[in-house]
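A.B. asks: Here it is, the structure in full.
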Amino acid sequence: MASGVYGAMLNNSLKGNIDFDTDTFYGMLVTSGYTPDFDTHDFRNDVTNEVSGTGYTAGGAVTTVTVSAYDTVNNRQELILGGFTLTTATITARGCAYYKRRGGASSADELVYFDDFGSDVSSVAGNFVVNASTVRYANP
């Protein structure tokens with residue numbers, strides 16, 4: 001697995017389907033059985049192998065995804081993925097798929113970013129913490 005932006009995110013952003021200032025975002029935890037396809041996965045229903053366990057709700061947890069001000073010194077834009085904590089959780093996850101939640105069918109929830117943890121992360125009746133991270137887009 002690898003971390004990355006789902007290709008459809010830029011298209012959906014430019015078309016106005018994703019508004020980072022006002023939309024609601026979630027982070028959905030997955031096992032190592034999920035392999036992201038950044039070219040073809042565009043909605044939450046494309047994400048497989050979601051974790052299950054005590055302290056985790058299907059569909060994930062509410063979080064934030066924001067866009068920083070454009071950095072004119074370094075010619076780059078940052079996408080800031082919020083973190084979240086699940087309390088008294090007993091789960092094992094390999095990564096987190098961030099998506100815009102519409103509140104209906106998973107086939108309508110636009111994917112944004114996949115964060116690969118690098119290895120399985122577990123908690124047993126404790127806090128499961130997904131740290132915030134930043135994605136930088138540089139303009140040559």
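By order in the structure tokens, chains are A, B, ...; within a chain, residues start at 1; ligands start at 1, following the order shown.
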DSSP says strand (DSSP E) for which residues of range 4-119 of chain A? Put them as a ChimeraX atom specification?

C.D. replies: /A:4-5,25-30,61-63,65-67,76-81,84-100,111-119

A.B. asks: Given the selection you just returned, output its residues as a file containing C-alpha atoms, formatted as a compact mmCIF listing (two decimals), in the first residue's frame.

C.D. replies:
# COMPACT_ATOMS: atom_id res chain seq x y z
CA GLY A 4 -1.90 9.24 -1.89
CA VAL A 5 -4.63 11.47 -3.23
CA PHE A 25 -15.39 14.66 6.20
CA TYR A 26 -14.81 11.25 7.74
CA GLY A 27 -11.87 8.92 8.12
CA MET A 28 -12.63 5.24 7.53
CA LEU A 29 -10.16 2.66 8.84
CA VAL A 30 -9.21 -0.34 6.70
CA ALA A 61 -15.17 8.93 12.44
CA VAL A 62 -15.79 12.57 11.71
CA THR A 63 -12.64 14.56 11.02
CA VAL A 65 -9.86 18.12 5.71
CA THR A 66 -8.78 21.70 5.08
CA VAL A 67 -6.79 23.61 2.50
CA ARG A 76 2.99 24.95 -2.84
CA GLN A 77 -0.46 24.16 -1.54
CA GLU A 78 -1.18 22.06 1.53
CA LEU A 79 -4.09 19.75 2.23
CA ILE A 80 -4.36 19.17 5.99
CA LEU A 81 -5.95 15.90 7.07
CA PHE A 84 -9.14 11.64 15.44
CA THR A 85 -9.16 9.34 18.45
CA LEU A 86 -11.36 6.32 19.06
CA THR A 87 -11.65 5.55 22.77
CA THR A 88 -11.76 2.08 24.32
CA ALA A 89 -11.26 0.58 20.89
CA THR A 90 -10.18 -2.95 20.09
CA ILE A 91 -9.22 -2.87 16.41
CA THR A 92 -6.34 -3.34 13.99
CA ALA A 93 -6.00 -1.04 10.98
CA ARG A 94 -3.46 -0.50 8.22
CA GLY A 95 -4.73 2.81 6.85
CA CYS A 96 -7.37 5.51 6.74
CA ALA A 97 -9.49 6.53 3.74
CA TYR A 98 -10.66 10.14 4.00
CA TYR A 99 -13.89 11.03 2.24
CA LYS A 100 -16.65 13.61 1.99
CA LEU A 111 -12.91 9.90 -1.71
CA VAL A 112 -10.18 12.42 -0.93
CA TYR A 113 -7.00 10.78 0.37
CA PHE A 114 -5.65 7.46 1.60
CA ASP A 115 -3.19 7.47 4.50
CA ASP A 116 -1.14 4.26 4.73
CA PHE A 117 0.13 3.75 8.28
CA GLY A 118 3.08 1.70 6.99
CA SER A 119 2.19 -1.31 9.14

A.B. asks: Extract, using only C-alpha atoms, all DNA, RNA and protein residues at most 10 Å from Thr40 in chain A, discarding same-chain residues fewer than 3 positions from it, and format them as a ChimeraX atom specification.

C.D. replies: /A:6-8,36-37,43,46

A.B. asks: Report the distance between CA of Val135 in chain A and CA of Thr72 in chain A in Å, rounded to one decimal place.

C.D. replies: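 If I compute the distance from CA of Val135 in chain A to CA of Thr72 in chain A, I get 16.3 Å.
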
A.B. asks: Using DSSP on the backbone, list every residue of range 5-71 of chain A that comes out as helix (DSSP H, G or I), and give them as a list in words.

C.D. replies: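 Helix (DSSP H, G or I) members of range 5-71 of chain A, listed: Ala8, Met9, Leu10, Asn11, Asn12, Ser13, Leu14, Arg44, Asn45 and Asp46 of chain A.
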
A.B. asks: Rank nothing, just name the residue among A:Ala138, A:Val124, A:Ala132, A:Ala105 nearest to Thr64 in chain A, using only C-alpha atoms.

C.D. replies: A:Ala132

A.B. asks: At a cut-off of 10 Å, using only C-alpha atoms, what residues contact Asn17 in chain A? Leave out same-chain residues fewer than 6 positions from it and give the result as a VMD selection string.

C.D. replies: chain A and resid 9 to 11 23 100 110

A.B. asks: Since we have the selection now, will you write its residues out, keeping N, CA and C atoms, as a PDB file, in the first residue's frame?

C.D. replies:
ATOM      1  N   MET A   9     -10.448  13.202  -6.686  1.00  0.00           N
ATOM      2  CA  MET A   9     -10.613  14.305  -5.738  1.00  0.00           C
ATOM      3  C   MET A   9     -10.423  15.661  -6.410  1.00  0.00           C
ATOM      4  N   LEU A  10      -9.402  15.800  -7.237  1.00  0.00           N
ATOM      5  CA  LEU A  10      -9.172  17.083  -7.896  1.00  0.00           C
ATOM      6  C   LEU A  10     -10.322  17.424  -8.830  1.00  0.00           C
ATOM      7  N   ASN A  11     -10.771  16.442  -9.603  1.00  0.00           N
ATOM      8  CA  ASN A  11     -11.890  16.661 -10.509  1.00  0.00           C
ATOM      9  C   ASN A  11     -13.132  17.075  -9.737  1.00  0.00           C
ATOM     10  N   ASP A  23     -17.947  21.256   3.780  1.00  0.00           N
ATOM     11  CA  ASP A  23     -18.382  19.865   3.764  1.00  0.00           C
ATOM     12  C   ASP A  23     -17.950  19.115   5.021  1.00  0.00           C
ATOM     13  N   LYS A 100     -15.572  12.666   1.708  1.00  0.00           N
ATOM     14  CA  LYS A 100     -16.651  13.610   1.989  1.00  0.00           C
ATOM     15  C   LYS A 100     -17.894  12.783   2.277  1.00  0.00           C
ATOM     16  N   GLU A 110     -17.564  11.065  -1.892  1.00  0.00           N
ATOM     17  CA  GLU A 110     -16.347  11.245  -2.669  1.00  0.00           C
ATOM     18  C   GLU A 110     -15.084  10.987  -1.835  1.00  0.00           C
TER      19      GLU A 110
END
